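Asker: So that we are looking at the same thing, I have put the structure below in structure tokens.
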Amino acid sequence: MERGKKTNSEFIIDALRSGEELRSPEITRKVVQNSGKEIKIQDIASILAKLSNSEKCDLGYFIRKKRTSKGYTYSLMAEALDLPPEALYDLTRKTGKNRYTLEQIIADHPEVKKYVKSARLRNRTVKQPTKRGRKPATSTRTTKNSALAKDKATGDQGLQDLVARLVEEVSDQGGINVNVNLTIRFAGLGGGD
């Protein structure tokens, strides 16, 4: 795949490909050295937070984030060091022509599959960009009802898949709001007739 200039994420990945456990300041120094441009440590820390979170970025499955007395260290899993740099770069993207996908990398390098949650692979779909905010209740209810009807016949595994999809959907929506109305009626109080 033709590439232009490297992104800050790609320079961070290059630093992590050393195989060492690195802190944000060390990664920042390497990025500045390799890119030839000034970058603030806060910017690198922000990118690292996204890259190391598997909920936001597929590369997060292969980054080990470890707490130490001086802060966090970051490193790539040993098996990920053998992946081509382009594959690692592509894991930071959600879309793009001719990019390596998580599924393709696992097919080509099955040794990395152990780091990926099986529920994530099972429920993998290509998501369309969505607007922030709530979906209309009718579309959400229809989606849940059709998923429930489809999974009802498959028993316990279907229920587990449904719950996993529901949790992922709630997470994508930014959480859940629950409103509860409670009515209490007391009968027999008041010394009536």
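The chains in the structure tokens are called A, B, ... from first to last as shown; in each chain the residues are counted from 1, and the ligands are counted from 1 in the order shown.
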Could you list, as a ChimeraX atom specification, every residue within 8 Å of region 21-30 of chain A, counting only C-alpha atoms and ignoring same-chain residues fewer than 4 positions away?
Answerer: /A:12,15-16,34,39-41,44-45,71-75
Asker: Rounded to one decimal place, report the CA of Pro110 (chain A)-CA of Ala80 (chain A) distance in Å.
Answerer: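 Computing it gives 11.0 Å between the two atoms.
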Asker: Please compute the CA of Thr92 (chain A)-CA of Leu48 (chain A) distance, one decimal, in Å.
Answerer: 11.1 Å
Asker: Between CA of Asn8 (chain A) and CA of Ile47 (chain A), what distance in Å does the model show, to one decimal?
Answerer: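 Taking CA of Asn8 (chain A) as the start and CA of Ile47 (chain A) as the end point, the length is 8.1 Å.
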Asker: Write out as a list of chain:residue names each polymer residue whose atoms come within 10 Å of Glu79 (chain A), counting only C-alpha atoms; drop sequence neighbours fewer than 5 positions from it.
Answerer: A:Phe62, A:His109, A:Pro110, A:Glu111, A:Val112, A:Lys113, A:Tyr115
Asker: Would you put the residues from that selection into a file with C-alpha atoms, as an mmCIF file, in the first residue's frame?
Answerer:
```cif
data_model
loop_
_atom_site.group_PDB
_atom_site.id
_atom_site.type_symbol
_atom_site.label_atom_id
_atom_site.label_comp_id
_atom_site.auth_asym_id
_atom_site.auth_seq_id
_atom_site.Cartn_x
_atom_site.Cartn_y
_atom_site.Cartn_z
ATOM 1 C CA PHE A 62 -1.095 -6.360 21.141
ATOM 2 C CA HIS A 109 -0.412 -15.188 12.012
ATOM 3 C CA PRO A 110 -2.579 -17.482 14.198
ATOM 4 C CA GLU A 111 -0.132 -17.163 17.110
ATOM 5 C CA VAL A 112 -1.536 -13.685 17.907
ATOM 6 C CA LYS A 113 -5.134 -14.887 18.228
ATOM 7 C CA TYR A 115 -4.548 -11.891 22.666
#
```
Asker: Using only C-alpha atoms, which residue out of A:Val32, A:Leu91, A:Leu59, A:Val180 lies closest to Met77 (chain A)?
Answerer: A:Leu59
Asker: May I have the residues within 10 Å of Arg17 (chain A) as a ChimeraX atom specification, using only C-alpha atoms and disregarding those fewer than 6 positions away in the same chain?
Answerer: /A:11,75-78,80-83,85,88
Asker: Would you kindly return, as a list of chain:residue names, each protein, DNA or RNA residue with an atom no farther than 9 Å from any atom of Leu102 (chain A), considering only C-alpha atoms and excluding same-chain residues fewer than 4 positions away?
Answerer: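 Here the answer would be A:Asp58, A:Leu59, A:Ala87, A:Asp90, A:Leu91, A:Ile106, A:Ala107, A:Leu121.
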Asker: Store the residues picked out above, limited to N, CA, C and O atoms, as a compact mmCIF listing (two decimals), in the first residue's frame.
Answerer:
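Generated output (again-v3.txt):
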```
# COMPACT_ATOMS: atom_id res chain seq x y z
N ASP A 58 -7.76 -1.63 17.38
CA ASP A 58 -7.41 -3.05 17.34
C ASP A 58 -5.96 -3.32 17.74
O ASP A 58 -5.63 -4.40 18.22
N LEU A 59 -5.09 -2.35 17.57
CA LEU A 59 -3.70 -2.53 17.99
C LEU A 59 -3.60 -2.74 19.50
O LEU A 59 -2.66 -3.37 19.99
N ALA A 87 1.12 -3.95 8.82
CA ALA A 87 -0.02 -4.60 9.48
C ALA A 87 -0.32 -3.89 10.80
O ALA A 87 -1.48 -3.63 11.13
N ASP A 90 -1.90 -0.52 10.12
CA ASP A 90 -3.29 -0.63 9.67
C ASP A 90 -4.25 -0.95 10.81
O ASP A 90 -5.44 -0.64 10.73
N LEU A 91 -3.76 -1.57 11.88
CA LEU A 91 -4.63 -1.86 13.02
C LEU A 91 -5.09 -0.59 13.73
O LEU A 91 -6.02 -0.62 14.52
N ILE A 106 -4.91 -12.30 11.98
CA ILE A 106 -5.06 -13.55 12.74
C ILE A 106 -5.00 -14.75 11.80
O ILE A 106 -4.41 -15.78 12.14
N ALA A 107 -5.59 -14.62 10.61
CA ALA A 107 -5.53 -15.72 9.64
C ALA A 107 -4.09 -15.97 9.18
O ALA A 107 -3.66 -17.12 9.06
N LEU A 121 -14.18 -11.17 17.99
CA LEU A 121 -14.10 -11.72 16.64
C LEU A 121 -15.45 -12.24 16.18
O LEU A 121 -15.82 -12.10 15.02
```
